[in-house]
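Participant: Next up, protein29.pdb (PDB, C-alpha atoms).
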ATOM      1  CA  MET A   1      15.613  -4.075 -13.513
ATOM      2  CA  THR A   2      13.884  -2.597 -10.477
ATOM      3  CA  ARG A   3      11.392   0.151 -11.194
ATOM      4  CA  TYR A   4      10.598   3.046  -8.878
ATOM      5  CA  GLY A   5       7.225   4.580  -8.161
ATOM      6  CA  PHE A   6       5.510   7.265  -6.114
ATOM      7  CA  HIS A   7       3.292   6.306  -3.185
ATOM      8  CA  ALA A   8       0.216   8.518  -2.789
ATOM      9  CA  SER A   9      -0.750   8.730   0.897
ATOM     10  CA  HIS A  10      -4.433   9.649   1.202
ATOM     11  CA  GLU A  11      -4.029  10.028   4.959
ATOM     12  CA  GLN A  12      -1.799  13.060   4.529
ATOM     13  CA  PHE A  13      -3.134  15.106   1.614
ATOM     14  CA  PRO A  14      -6.466  16.114   0.079
ATOM     15  CA  PRO A  15      -7.309  14.144  -3.073
ATOM     16  CA  ALA A  16      -6.904  17.041  -5.517
ATOM     17  CA  GLU A  17      -3.427  17.868  -4.208
ATOM     18  CA  LEU A  18      -2.464  14.201  -4.238
ATOM     19  CA  LEU A  19      -3.479  13.924  -7.885
ATOM     20  CA  SER A  20      -1.344  16.933  -8.763
ATOM     21  CA  LEU A  21       1.607  15.398  -6.903
ATOM     22  CA  LEU A  22       1.214  12.129  -8.803
ATOM     23  CA  LYS A  23       1.336  14.009 -12.102
ATOM     24  CA  GLN A  24       4.458  15.865 -10.920
ATOM     25  CA  ALA A  25       6.036  12.547  -9.975
ATOM     26  CA  GLU A  26       5.365  11.106 -13.434
ATOM     27  CA  ASP A  27       6.910  14.177 -15.055
ATOM     28  CA  ALA A  28       9.951  13.829 -12.772
ATOM     29  CA  GLY A  29      10.648  10.249 -13.835
ATOM     30  CA  PHE A  30       8.716   8.029 -11.425
ATOM     31  CA  SER A  31       7.443   5.155 -13.576
ATOM     32  CA  ARG A  32       4.488   3.886 -11.528
ATOM     33  CA  GLY A  33       2.187   4.807  -8.658
ATOM     34  CA  MET A  34       0.702   3.261  -5.550
ATOM     35  CA  SER A  35      -2.192   4.372  -3.362
ATOM     36  CA  SER A  36      -3.191   3.794   0.220
ATOM     37  CA  ASP A  37      -6.855   3.050   1.005
ATOM     38  CA  HIS A  38      -7.874   4.423   4.398
ATOM     39  CA  PHE A  39     -11.183   5.530   5.825
ATOM     40  CA  GLU A  40      -9.402   7.441   8.594
ATOM     41  CA  PRO A  41      -5.851   8.782   8.942
ATOM     42  CA  TRP A  42      -3.370   7.582  11.534
ATOM     43  CA  SER A  43      -3.563  10.907  13.366
ATOM     44  CA  SER A  44      -5.382  14.236  13.332
ATOM     45  CA  ARG A  45      -2.088  15.888  12.301
ATOM     46  CA  GLN A  46      -2.299  14.045   8.988
ATOM     47  CA  GLY A  47      -5.872  15.156   8.659
ATOM     48  CA  HIS A  48      -7.157  13.587   5.407
ATOM     49  CA  SER A  49      -8.555  10.371   3.983
ATOM     50  CA  GLY A  50     -10.060  10.569   0.506
ATOM     51  CA  HIS A  51     -11.808   7.639  -1.172
ATOM     52  CA  ALA A  52      -9.048   5.719  -2.905
ATOM     53  CA  TRP A  53     -11.226   4.092  -5.582
ATOM     54  CA  ALA A  54     -12.852   7.335  -6.685
ATOM     55  CA  TRP A  55      -9.381   8.893  -6.841
ATOM     56  CA  LEU A  56      -7.859   5.972  -8.769
ATOM     57  CA  GLY A  57     -10.163   6.636 -11.719
ATOM     58  CA  SER A  58      -8.719  10.130 -12.008
ATOM     59  CA  ALA A  59      -5.160   8.936 -11.412
ATOM     60  CA  LEU A  60      -5.390   6.434 -14.250
ATOM     61  CA  ALA A  61      -7.045   9.011 -16.530
ATOM     62  CA  VAL A  62      -4.566  11.858 -16.125
ATOM     63  CA  THR A  63      -1.343   9.792 -16.048
ATOM     64  CA  SER A  64      -0.012   6.822 -17.985
ATOM     65  CA  LEU A  65       1.312   5.157 -14.827
ATOM     66  CA  PRO A  66       0.494   1.610 -13.714
ATOM     67  CA  MET A  67      -1.231   1.966 -10.334
ATOM     68  CA  GLY A  68      -1.416  -0.286  -7.302
ATOM     69  CA  VAL A  69      -3.646   0.022  -4.252
ATOM     70  CA  VAL A  70      -3.487  -1.645  -0.849
ATOM     71  CA  THR A  71      -7.019  -2.636   0.123
ATOM     72  CA  ALA A  72      -8.975  -5.071   2.303
ATOM     73  CA  PRO A  73     -12.067  -6.960   1.147
ATOM     74  CA  GLY A  74     -14.461  -8.576   3.592
ATOM     75  CA  GLN A  75     -15.821  -5.896   5.914
ATOM     76  CA  ARG A  76     -15.712  -2.282   4.716
ATOM     77  CA  TYR A  77     -15.765  -3.554   1.122
ATOM     78  CA  HIS A  78     -17.924  -6.470   0.052
ATOM     79  CA  PRO A  79     -15.741  -8.562  -2.284
ATOM     80  CA  ALA A  80     -18.284  -8.378  -5.141
ATOM     81  CA  VAL A  81     -18.398  -4.584  -4.945
ATOM     82  CA  LEU A  82     -14.601  -4.370  -4.799
ATOM     83  CA  ALA A  83     -14.319  -6.731  -7.769
ATOM     84  CA  GLN A  84     -16.785  -4.593  -9.729
ATOM     85  CA  ALA A  85     -14.748  -1.435  -9.080
ATOM     86  CA  ALA A  86     -11.500  -3.132 -10.066
ATOM     87  CA  ALA A  87     -13.011  -4.719 -13.174
ATOM     88  CA  THR A  88     -14.376  -1.365 -14.330
ATOM     89  CA  LEU A  89     -11.047   0.419 -13.972
ATOM     90  CA  THR A  90      -9.207  -2.460 -15.638
ATOM     91  CA  GLN A  91     -11.654  -2.501 -18.549
ATOM     92  CA  MET A  92     -11.054   1.234 -19.040
ATOM     93  CA  TYR A  93      -7.293   1.115 -18.448
ATOM     94  CA  PRO A  94      -6.083  -2.388 -19.381
ATOM     95  CA  ASP A  95      -3.147  -3.955 -17.534
ATOM     96  CA  ARG A  96      -2.496  -0.885 -15.369
ATOM     97  CA  LEU A  97      -4.200  -1.742 -12.055
ATOM     98  CA  TRP A  98      -3.106  -4.170  -9.371
ATOM     99  CA  MET A  99      -4.445  -4.688  -5.874
ATOM    100  CA  ALA A 100      -2.545  -5.721  -2.767
ATOM    101  CA  LEU A 101      -5.154  -7.498  -0.650
ATOM    102  CA  GLY A 102      -4.769  -7.662   3.107
ATOM    103  CA  THR A 103      -6.844  -8.568   6.136
ATOM    104  CA  GLY A 104      -7.420  -4.931   7.080
ATOM    105  CA  GLN A 105      -7.099  -2.794  10.186
ATOM    106  CA  ALA A 106      -9.690  -1.872  12.770
ATOM    107  CA  LEU A 107      -8.829   1.786  12.095
ATOM    108  CA  ASN A 108     -10.598   1.524   8.735
ATOM    109  CA  GLU A 109     -12.946  -1.435   9.095
ATOM    110  CA  HIS A 110     -14.671  -0.672  12.424
ATOM    111  CA  ILE A 111     -16.997   1.818  10.730
ATOM    112  CA  THR A 112     -19.414  -0.914   9.592
ATOM    113  CA  GLY A 113     -20.315  -1.673  13.200
ATOM    114  CA  ALA A 114     -19.625  -5.362  12.653
ATOM    115  CA  PRO A 115     -17.394  -7.127  15.202
ATOM    116  CA  TRP A 116     -13.691  -6.994  14.413
ATOM    117  CA  PRO A 117     -12.587 -10.641  13.932
ATOM    118  CA  GLY A 118      -9.443 -12.194  15.316
ATOM    119  CA  LYS A 119      -6.360 -12.623  13.152
ATOM    120  CA  GLU A 120      -7.054 -16.178  11.996
ATOM    121  CA  ALA A 121     -10.674 -15.392  11.105
ATOM    122  CA  ARG A 122      -9.518 -12.357   9.143
ATOM    123  CA  ALA A 123      -7.023 -14.481   7.223
ATOM    124  CA  ARG A 124      -9.667 -17.059   6.332
ATOM    125  CA  ARG A 125     -12.090 -14.291   5.356
ATOM    126  CA  LEU A 126      -9.494 -12.798   3.006
ATOM    127  CA  GLU A 127      -8.936 -16.169   1.349
ATOM    128  CA  GLU A 128     -12.688 -16.528   0.789
ATOM    129  CA  CYS A 129     -12.768 -13.041  -0.739
ATOM    130  CA  VAL A 130      -9.907 -13.873  -3.103
ATOM    131  CA  GLU A 131     -11.737 -16.983  -4.295
ATOM    132  CA  ILE A 132     -14.951 -14.970  -4.818
ATOM    133  CA  MET A 133     -13.224 -12.162  -6.687
ATOM    134  CA  ARG A 134     -11.333 -14.515  -9.004
ATOM    135  CA  ALA A 135     -14.568 -16.317  -9.873
ATOM    136  CA  LEU A 136     -16.268 -13.010 -10.620
ATOM    137  CA  PHE A 137     -13.375 -11.889 -12.831
ATOM    138  CA  ALA A 138     -13.797 -15.183 -14.712
ATOM    139  CA  GLY A 139     -17.396 -14.274 -15.522
ATOM    140  CA  GLU A 140     -19.011 -16.739 -13.157
ATOM    141  CA  THR A 141     -22.245 -16.205 -11.237
ATOM    142  CA  VAL A 142     -21.178 -16.543  -7.612
ATOM    143  CA  SER A 143     -23.068 -17.543  -4.502
ATOM    144  CA  HIS A 144     -21.157 -18.104  -1.286
ATOM    145  CA  ASP A 145     -22.088 -18.666   2.360
ATOM    146  CA  GLY A 146     -19.139 -18.433   4.714
ATOM    147  CA  LEU A 147     -17.384 -15.669   6.603
ATOM    148  CA  VAL A 148     -18.722 -13.470   3.795
ATOM    149  CA  ARG A 149     -21.970 -14.040   1.929
ATOM    150  CA  VAL A 150     -22.681 -13.576  -1.771
ATOM    151  CA  ASP A 151     -25.970 -14.189  -3.542
ATOM    152  CA  GLN A 152     -25.892 -14.796  -7.298
ATOM    153  CA  ALA A 153     -23.391 -12.058  -8.120
ATOM    154  CA  ARG A 154     -22.109 -11.616 -11.652
ATOM    155  CA  LEU A 155     -19.961  -8.923 -13.234
ATOM    156  CA  TRP A 156     -21.337  -7.786 -16.560
ATOM    157  CA  SER A 157     -18.531  -5.425 -17.631
ATOM    158  CA  LEU A 158     -15.297  -7.383 -17.590
ATOM    159  CA  PRO A 159     -11.779  -6.540 -18.763
ATOM    160  CA  GLU A 160      -9.991  -8.779 -21.236
ATOM    161  CA  ARG A 161      -7.518  -9.669 -18.471
ATOM    162  CA  PRO A 162      -8.344  -9.368 -14.761
ATOM    163  CA  PRO A 163      -6.279  -7.179 -12.434
ATOM    164  CA  ALA A 164      -3.476  -8.860 -10.549
ATOM    165  CA  LEU A 165      -4.210  -9.747  -6.929
ATOM    166  CA  PHE A 166      -1.081  -9.313  -4.815
ATOM    167  CA  ALA A 167      -0.768 -10.214  -1.148
ATOM    168  CA  ALA A 168      -0.243  -7.369   1.304
ATOM    169  CA  ALA A 169       1.962  -8.960   3.970
ATOM    170  CA  VAL A 170       4.192  -7.637   6.740
ATOM    171  CA  THR A 171       5.270 -10.849   8.457
ATOM    172  CA  PRO A 172       6.960 -13.940   6.977
ATOM    173  CA  ALA A 173       4.086 -16.143   8.182
ATOM    174  CA  THR A 174       1.483 -14.048   6.385
ATOM    175  CA  ALA A 175       3.590 -13.927   3.221
ATOM    176  CA  ALA A 176       4.119 -17.708   3.187
ATOM    177  CA  ARG A 177       0.420 -18.382   3.653
ATOM    178  CA  ALA A 178      -0.521 -15.974   0.866
ATOM    179  CA  ALA A 179       1.893 -17.614  -1.604
ATOM    180  CA  ARG A 180      -0.853 -20.145  -2.347
ATOM    181  CA  TRP A 181      -3.079 -17.566  -4.035
ATOM    182  CA  ALA A 182      -1.166 -14.348  -4.734
ATOM    183  CA  ASP A 183       0.003 -12.983  -8.081
ATOM    184  CA  GLY A 184       2.733 -11.039  -6.283
ATOM    185  CA  LEU A 185       3.788  -9.628  -2.909
ATOM    186  CA  ALA A 186       3.592  -6.124  -1.468
ATOM    187  CA  THR A 187       5.310  -5.324   1.830
ATOM    188  CA  VAL A 188       6.921  -2.403   3.685
ATOM    189  CA  ASN A 189      10.397  -1.663   5.019
ATOM    190  CA  GLN A 190      10.848  -2.737   8.630
ATOM    191  CA  PRO A 191      13.502  -2.603  11.365
ATOM    192  CA  ASP A 192      16.687  -4.556  10.678
ATOM    193  CA  GLY A 193      15.688  -5.145   7.080
ATOM    194  CA  ALA A 194      12.961  -7.617   8.095
ATOM    195  CA  GLN A 195      11.250  -7.045   4.736
ATOM    196  CA  ARG A 196      13.913  -9.389   3.281
ATOM    197  CA  LYS A 197      12.684 -12.218   5.518
ATOM    198  CA  THR A 198       9.112 -11.552   4.440
ATOM    199  CA  LEU A 199      10.116 -11.738   0.787
ATOM    200  CA  ALA A 200      12.195 -14.867   1.375
ATOM    201  CA  ALA A 201       9.278 -16.582   3.109
ATOM    202  CA  TYR A 202       7.026 -15.769   0.171
ATOM    203  CA  ARG A 203       9.492 -17.138  -2.378
ATOM    204  CA  ASP A 204      10.315 -20.218  -0.286
ATOM    205  CA  ALA A 205       6.594 -21.057  -0.127
ATOM    206  CA  GLY A 206       6.382 -20.940  -3.917
ATOM    207  CA  GLY A 207       5.172 -17.358  -4.222
ATOM    208  CA  LYS A 208       5.407 -16.023  -7.762
ATOM    209  CA  GLY A 209       5.103 -12.680  -9.479
ATOM    210  CA  PRO A 210       6.557  -9.257  -8.712
ATOM    211  CA  ALA A 211       7.729  -8.238  -5.251
ATOM    212  CA  VAL A 212       6.800  -4.665  -4.349
ATOM    213  CA  LEU A 213       8.311  -2.695  -1.480
ATOM    214  CA  GLN A 214       6.598   0.368  -0.087
ATOM    215  CA  ALA A 215       9.658   2.279   1.068
ATOM    216  CA  HIS A 216       9.044   4.868   3.773
ATOM    217  CA  VAL A 217      11.642   7.646   3.530
ATOM    218  CA  SER A 218      12.035  11.103   4.992
ATOM    219  CA  TRP A 219      14.219  13.586   3.158
ATOM    220  CA  ALA A 220      14.809  17.258   3.893
ATOM    221  CA  PRO A 221      17.765  19.585   3.265
ATOM    222  CA  ASP A 222      18.996  18.986   6.839
ATOM    223  CA  ARG A 223      18.801  15.906   9.010
ATOM    224  CA  GLU A 224      16.973  17.525  11.926
ATOM    225  CA  ALA A 225      14.144  18.608   9.647
ATOM    226  CA  ALA A 226      13.942  15.152   8.043
ATOM    227  CA  LEU A 227      13.720  13.445  11.440
ATOM    228  CA  GLU A 228      11.187  15.961  12.727
ATOM    229  CA  ALA A 229       8.980  15.370   9.678
ATOM    230  CA  ALA A 230       9.134  11.598  10.116
ATOM    231  CA  HIS A 231       8.256  11.862  13.793
ATOM    232  CA  ASP A 232       5.410  14.306  13.198
ATOM    233  CA  GLN A 233       3.738  12.413  10.364
ATOM    234  CA  TRP A 234       4.558   8.740  10.856
ATOM    235  CA  ARG A 235       5.053   7.879  14.520
ATOM    236  CA  GLU A 236       1.503   6.509  14.875
ATOM    237  CA  ALA A 237       2.050   4.172  11.922
ATOM    238  CA  ILE A 238       5.037   2.305  13.371
ATOM    239  CA  PHE A 239       3.099   0.008  15.691
ATOM    240  CA  GLY A 240       3.373  -3.623  14.676
ATOM    241  CA  SER A 241       0.534  -5.863  13.606
ATOM    242  CA  ASP A 242      -0.192  -7.158  17.094
ATOM    243  CA  VAL A 243      -1.177  -3.637  18.130
ATOM    244  CA  GLY A 244      -1.646  -1.504  15.056
ATOM    245  CA  TRP A 245      -4.242  -3.757  13.436
ATOM    246  CA  GLU A 246      -6.482  -3.561  16.528
ATOM    247  CA  ILE A 247      -6.656   0.161  17.397
ATOM    248  CA  PRO A 248      -9.904   1.661  16.062
ATOM    249  CA  ARG A 249      -9.545   5.449  16.202
ATOM    250  CA  PRO A 250      -6.916   8.076  15.243
ATOM    251  CA  GLU A 251      -7.057   9.609  18.709
ATOM    252  CA  HIS A 252      -6.252   6.197  20.188
ATOM    253  CA  PHE A 253      -3.178   5.971  17.963
ATOM    254  CA  GLU A 254      -2.169   9.458  19.105
ATOM    255  CA  GLN A 255      -2.487   8.414  22.754
ATOM    256  CA  ALA A 256      -0.458   5.256  22.154
ATOM    257  CA  ALA A 257       2.285   7.224  20.350
ATOM    258  CA  ARG A 258       2.581  10.180  22.710
ATOM    259  CA  PHE A 259       5.770   8.799  24.280
ATOM    260  CA  VAL A 260       7.416   7.730  21.009
ATOM    261  CA  GLU A 261      10.640   9.726  20.724
ATOM    262  CA  PRO A 262      11.921  10.848  17.316
ATOM    263  CA  HIS A 263      14.779   8.350  17.132
ATOM    264  CA  ARG A 264      12.310   5.484  17.658
ATOM    265  CA  VAL A 265      10.834   6.197  14.222
ATOM    266  CA  GLU A 266      14.121   5.723  12.356
ATOM    267  CA  PRO A 267      14.027   1.898  12.148
ATOM    268  CA  TYR A 268      10.724   2.255  10.246
ATOM    269  CA  VAL A 269      11.552   5.270   8.070
ATOM    270  CA  HIS A 270      14.835   5.790   6.217
ATOM    271  CA  VAL A 271      15.752   9.285   7.448
ATOM    272  CA  SER A 272      18.557  11.260   5.820
ATOM    273  CA  GLU A 273      19.348  14.670   4.392
ATOM    274  CA  GLY A 274      21.751  13.014   1.949
ATOM    275  CA  LEU A 275      20.367  12.077  -1.438
ATOM    276  CA  ALA A 276      23.325   9.753  -1.990
ATOM    277  CA  ARG A 277      22.434   7.880   1.201
ATOM    278  CA  HIS A 278      18.856   7.433   0.032
ATOM    279  CA  THR A 279      20.137   6.236  -3.332
ATOM    280  CA  ALA A 280      22.404   3.641  -1.714
ATOM    281  CA  TRP A 281      19.648   2.414   0.607
ATOM    282  CA  LEU A 282      17.181   2.047  -2.258
ATOM    283  CA  ALA A 283      19.760   0.226  -4.371
ATOM    284  CA  ASP A 284      20.236  -2.186  -1.470
ATOM    285  CA  GLN A 285      16.489  -2.921  -1.455
ATOM    286  CA  ALA A 286      16.623  -3.634  -5.173
ATOM    287  CA  GLU A 287      19.504  -6.056  -4.647
ATOM    288  CA  ALA A 288      17.394  -7.835  -2.018
ATOM    289  CA  GLY A 289      15.022  -8.888  -4.785
ATOM    290  CA  PHE A 290      12.316  -6.239  -4.918
ATOM    291  CA  ASP A 291      11.105  -5.681  -8.462
ATOM    292  CA  GLU A 292       9.252  -2.444  -7.740
ATOM    293  CA  ILE A 293       9.950   0.088  -5.009
ATOM    294  CA  MET A 294       7.268   2.655  -4.215
ATOM    295  CA  LEU A 295       8.807   5.672  -2.513
ATOM    296  CA  HIS A 296       6.712   7.203   0.243
ATOM    297  CA  GLN A 297       8.073  10.523   1.433
ATOM    298  CA  VAL A 298       6.437  10.660   4.847
ATOM    299  CA  GLY A 299       7.113  14.389   5.254
ATOM    300  CA  ARG A 300       4.720  17.002   3.950
ATOM    301  CA  ASP A 301       7.089  18.692   1.482
ATOM    302  CA  GLN A 302       6.262  16.422  -1.416
ATOM    303  CA  ALA A 303       7.085  18.837  -4.244
ATOM    304  CA  ALA A 304      10.686  19.329  -3.100
ATOM    305  CA  PHE A 305      11.059  15.560  -2.625
ATOM    306  CA  ILE A 306       9.768  14.825  -6.134
ATOM    307  CA  GLU A 307      12.080  17.407  -7.668
ATOM    308  CA  ALA A 308      15.171  16.282  -5.745
ATOM    309  CA  PHE A 309      14.672  12.544  -6.201
ATOM    310  CA  GLY A 310      13.682  12.965  -9.833
ATOM    311  CA  ALA A 311      16.856  14.924 -10.556
ATOM    312  CA  ASP A 312      19.455  13.171  -8.391
ATOM    313  CA  VAL A 313      18.207   9.774  -7.155
ATOM    314  CA  LEU A 314      16.181   8.086  -9.904
ATOM    315  CA  PRO A 315      18.842   8.630 -12.610
ATOM    316  CA  GLU A 316      21.394   6.898 -10.398
ATOM    317  CA  LEU A 317      19.091   3.965  -9.679
ATOM    318  CA  ALA A 318      17.882   3.376 -13.228
ATOM    319  CA  PRO A 319      20.329   4.938 -15.669
TER     320      PRO A 319
END
In structure tokens, how does this file's structure come out?
Facilitator:
Amino acid sequence: MTRYGFHASHEQFPPAELLSLLKQAEDAGFSRGMSSDHFEPWSSRQGHSGHAWAWLGSALAVTSLPMGVVTAPGQRYHPAVLAQAAATLTQMYPDRLWMALGTGQALNEHITGAPWPGKEARARRLEECVEIMRALFAGETVSHDGLVRVDQARLWSLPERPPALFAAAVTPATAARAARWADGLATVNQPDGAQRKTLAAYRDAGGKGPAVLQAHVSWAPDREAALEAAHDQWREAIFGSDVGWEIPRPEHFEQAARFVEPHRVEPYVHVSEGLARHTAWLADQAEAGFDEIMLHQVGRDQAAFIEAFGADVLPELAP
């Protein structure tokens, strides 16, 4: 049975408010949580970007929810440091943390001052990081000299079972490549239901484990308000990987998106004032094979969304 969670968007809300919203979501019936991990938001209108790993400790402490986080080892995070953070949280809160590892975006990674690698180099760097992190979780002392460097690293506080390492993938090619190492797949809804092709590519390549969909939705009591909220908060985030992974600054995203009209956002965000329509769309994603669906209300009225979906959508999806 598909389970439904609440996606906590650090780009849009201050950390304290986001923690309160996660607790509200748990009380309303959401059974798991997911967190973004940005250094900068997509736009100045969003206006926030708390440290995901500091926040995750509080999220795991004040709720009983399993939590996932989309993150990128290799540049902003050294893989040994990321493994240490994940091992610590997993030792404190066993079997509740998973990571979706991706190759990153210049928006978040440029801050180190290191050159931003090309796509293939980023993919190979991620695979090196996965190998390093798995060895560290196994208690090994790791040295490595490649696209990342590690000198005699060892984790001294280990959980009984390591956290799951999912692949964060948008395209079928990325998903198929990651099937060699991933414990599961995390992707996002895309135009024309392309997330189904990404999932199929992962499974066809032998990919195992849960499939997680981050489902971008925009709900408001009337359609105009729902579309306006989606356009205001999420138009910068719709650019595909060939563009969106390369832009380094929020103001650059704003410049690139200044001509994006509201209706252009709809293929990337499920916009509707009708709770029944959202329910049907989410049920369709479950039928496509997604084991967990993390709902991301892209609009700013999170409390009303949590209340409405908790009362009228989740009971229909998981009676």
Participant: Pull out every residue that the PyMOL selection byres ((chain A and resi 264) around 12) matches in the shown coordinates and put them as a ChimeraX atom specification.
Facilitator: /A:191,227-228,230-231,234-239,257-263,265-271
Participant: Give me, please, the distance in Å between CA of Gly310 in chain A and CA of Val62 in chain A, quoted to one decimal.
Facilitator: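 Answer for the CA of Gly310 in chain A to CA of Val62 in chain A separation: 19.3 Å.
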Participant: Neighbourhood query: residues within 6 Å of (4.2, 1.1, -14.7), file coordinates, counting only C-alpha atoms; return as a list in words.
Facilitator: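 The distance filter leaves exactly Ser31, Arg32, Leu65 and Pro66 of chain A.
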Participant: Create the file for the chosen residues now, containing C-alpha atoms and written as a tab-separated table (two decimals), in the frame of the given file.
Facilitator:
chain	number	residue	atom	x	y	z
A	31	SER	CA	7.44	5.16	-13.58
A	32	ARG	CA	4.49	3.89	-11.53
A	65	LEU	CA	1.31	5.16	-14.83
A	66	PRO	CA	0.49	1.61	-13.71
Participant: For a test of reading the model, state the distance in Å between CA of Leu317 in chain A and CA of Gly193 in chain A, rounded to one decimal.
Facilitator: 19.4 Å
Participant: What separation in Å, quoted to one decimal, exists between CA of Trp219 in chain A and CA of Glu273 in chain A?
Facilitator: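 Distance between the two atoms: 5.4 Å.
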Participant: Check what the PyMOL selection byres ((chain A and resi 200) around 12) selects in the file above and give those residues as a compact mmCIF listing (two decimals) with C-alpha atoms, in the coordinates of the input.
Facilitator:
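Saved the output as result_31.txt:
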# COMPACT_ATOMS: atom_id res chain seq x y z
CA THR A 171 5.27 -10.85 8.46
CA PRO A 172 6.96 -13.94 6.98
CA ALA A 173 4.09 -16.14 8.18
CA THR A 174 1.48 -14.05 6.38
CA ALA A 175 3.59 -13.93 3.22
CA ALA A 176 4.12 -17.71 3.19
CA ALA A 179 1.89 -17.61 -1.60
CA LEU A 185 3.79 -9.63 -2.91
CA THR A 187 5.31 -5.32 1.83
CA GLY A 193 15.69 -5.14 7.08
CA ALA A 194 12.96 -7.62 8.10
CA GLN A 195 11.25 -7.04 4.74
CA ARG A 196 13.91 -9.39 3.28
CA LYS A 197 12.68 -12.22 5.52
CA THR A 198 9.11 -11.55 4.44
CA LEU A 199 10.12 -11.74 0.79
CA ALA A 201 9.28 -16.58 3.11
CA TYR A 202 7.03 -15.77 0.17
CA ARG A 203 9.49 -17.14 -2.38
CA ASP A 204 10.32 -20.22 -0.29
CA ALA A 205 6.59 -21.06 -0.13
CA GLY A 206 6.38 -20.94 -3.92
CA GLY A 207 5.17 -17.36 -4.22
CA LYS A 208 5.41 -16.02 -7.76
CA ALA A 211 7.73 -8.24 -5.25
CA ALA A 288 17.39 -7.84 -2.02
CA GLY A 289 15.02 -8.89 -4.78
CA PHE A 290 12.32 -6.24 -4.92
Participant: Go through A:Leu21, A:Met1, A:Leu101, A:Ala8 and flag the residue nearest Gly184 in chain A, using only C-alpha atoms for the distances.
Facilitator: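 Distance minimum relative to Gly184 in chain A lands on A:Leu101.
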Participant: Give me the residues within 8 Å of Asp183 in chain A as a PDB file with C-alpha atoms, in the frame of the given file, counting all atoms listed in the file and dropping any in the same chain fewer than 2 places off.
Facilitator:
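Okay, result-v6.pdb is ready:
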ATOM      1  CA  ALA A 164      -3.476  -8.860 -10.549  1.00  0.00           C
ATOM      2  CA  LEU A 165      -4.210  -9.747  -6.929  1.00  0.00           C
ATOM      3  CA  PHE A 166      -1.081  -9.313  -4.815  1.00  0.00           C
ATOM      4  CA  ALA A 167      -0.768 -10.214  -1.148  1.00  0.00           C
ATOM      5  CA  TRP A 181      -3.079 -17.566  -4.035  1.00  0.00           C
ATOM      6  CA  LEU A 185       3.788  -9.628  -2.909  1.00  0.00           C
ATOM      7  CA  GLY A 207       5.172 -17.358  -4.222  1.00  0.00           C
ATOM      8  CA  LYS A 208       5.407 -16.023  -7.762  1.00  0.00           C
ATOM      9  CA  GLY A 209       5.103 -12.680  -9.479  1.00  0.00           C
ATOM     10  CA  PRO A 210       6.557  -9.257  -8.712  1.00  0.00           C
TER      11      PRO A 210
END
Participant: Which is closest to Ala83 in chain A among A:Phe137, A:Phe253, A:Phe30, A:Trp42, if we use all atoms listed in the file?
Facilitator: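 Ranked by minimum distance to Ala83 in chain A, first place goes to A:Phe137.
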Participant: Evaluated on this file, the PyMOL selection byres ((chain A and resi 16) around 12) picks out some residues - which ones are they, written as JSON, numbers by chain?
Facilitator: {"A": [8, 10, 12, 13, 14, 15, 17, 18, 19, 20, 21, 22, 23, 48, 49, 50, 51, 52, 54, 55, 56, 58, 59]}
Participant: May I have the residues within 10 Å of Ala308 in chain A as a list in words, using only C-alpha atoms and disregarding those fewer than 6 positions away in the same chain?
Facilitator: Ala28, Trp219, Ala220, Pro221, Leu275, Gln302 and Leu314 of chain A
Participant: Of the candidates A:Glu120, A:Glu128, A:Asp291, A:Glu11, which shows the shortest atom-to-atom distance to Ser43 in chain A, using all atoms listed in the file?
Facilitator: A:Glu11
Participant: Residues near Trp156 in chain A, anyone? I mean within 12 Å using only C-alpha atoms, not counting same-chain ones fewer than 4 positions away, as a short mmCIF file (atom, residue, chain, number, x, y, z; two decimals) with C-alpha atoms, keeping the file's coordinate frame.
Facilitator:
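Output file part07.cif is given in full below:
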data_model
loop_
_atom_site.label_atom_id
_atom_site.label_comp_id
_atom_site.auth_asym_id
_atom_site.auth_seq_id
_atom_site.Cartn_x
_atom_site.Cartn_y
_atom_site.Cartn_z
CA ALA A 80 -18.28 -8.38 -5.14
CA ALA A 83 -14.32 -6.73 -7.77
CA GLN A 84 -16.78 -4.59 -9.73
CA ALA A 85 -14.75 -1.44 -9.08
CA ALA A 87 -13.01 -4.72 -13.17
CA THR A 88 -14.38 -1.36 -14.33
CA GLN A 91 -11.65 -2.50 -18.55
CA LEU A 136 -16.27 -13.01 -10.62
CA PHE A 137 -13.38 -11.89 -12.83
CA ALA A 138 -13.80 -15.18 -14.71
CA GLY A 139 -17.40 -14.27 -15.52
CA GLU A 140 -19.01 -16.74 -13.16
CA THR A 141 -22.24 -16.20 -11.24
#
Participant: Within 7 Å of range 106-109 of chain A, counting only C-alpha atoms, which residues qualify if same-chain residues fewer than 3 places away don't, as a list of chain:residue names?
Facilitator: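 Residues near the query, excluding close chain neighbours: A:His38, A:Phe39, A:Glu40, A:Gln75, A:Arg76, A:Thr112, A:Trp116, A:Trp245, A:Glu246, A:Ile247, A:Pro248, A:Arg249.
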Participant: So that I can see what lies close to Gln233 in chain A, please list as a PyMOL selection string the residues with an atom at most 8 Å from it, counting all atoms listed in the file and leaving out residues fewer than 3 positions away in the same chain.
Facilitator: chain A and resi 45-46+229-230+236+298-300
Participant: Starting from 3 Å padding per side, set up an axis-aligned box that covers all listed atoms of range 157-169 of chain A and hand over centre and edge lengths in Å, one decimal, as lines of an AutoDock Vina configuration file.
Facilitator:
center_x = -8.3
center_y = -7.8
center_z = -8.6
size_x = 26.5
size_y = 10.8
size_z = 31.2
Participant: So, counting all atoms listed in the file, which residue among A:Val142, A:Ala256, A:Cys129, A:Ala318 is closest to Ala286 in chain A?
Facilitator: A:Ala318
Participant: Between A:Gln105, A:Ser218, A:Asp151, A:Tyr93, which has the minimum distance to Ile306 in chain A (counting all atoms listed in the file)?
Facilitator: A:Ser218
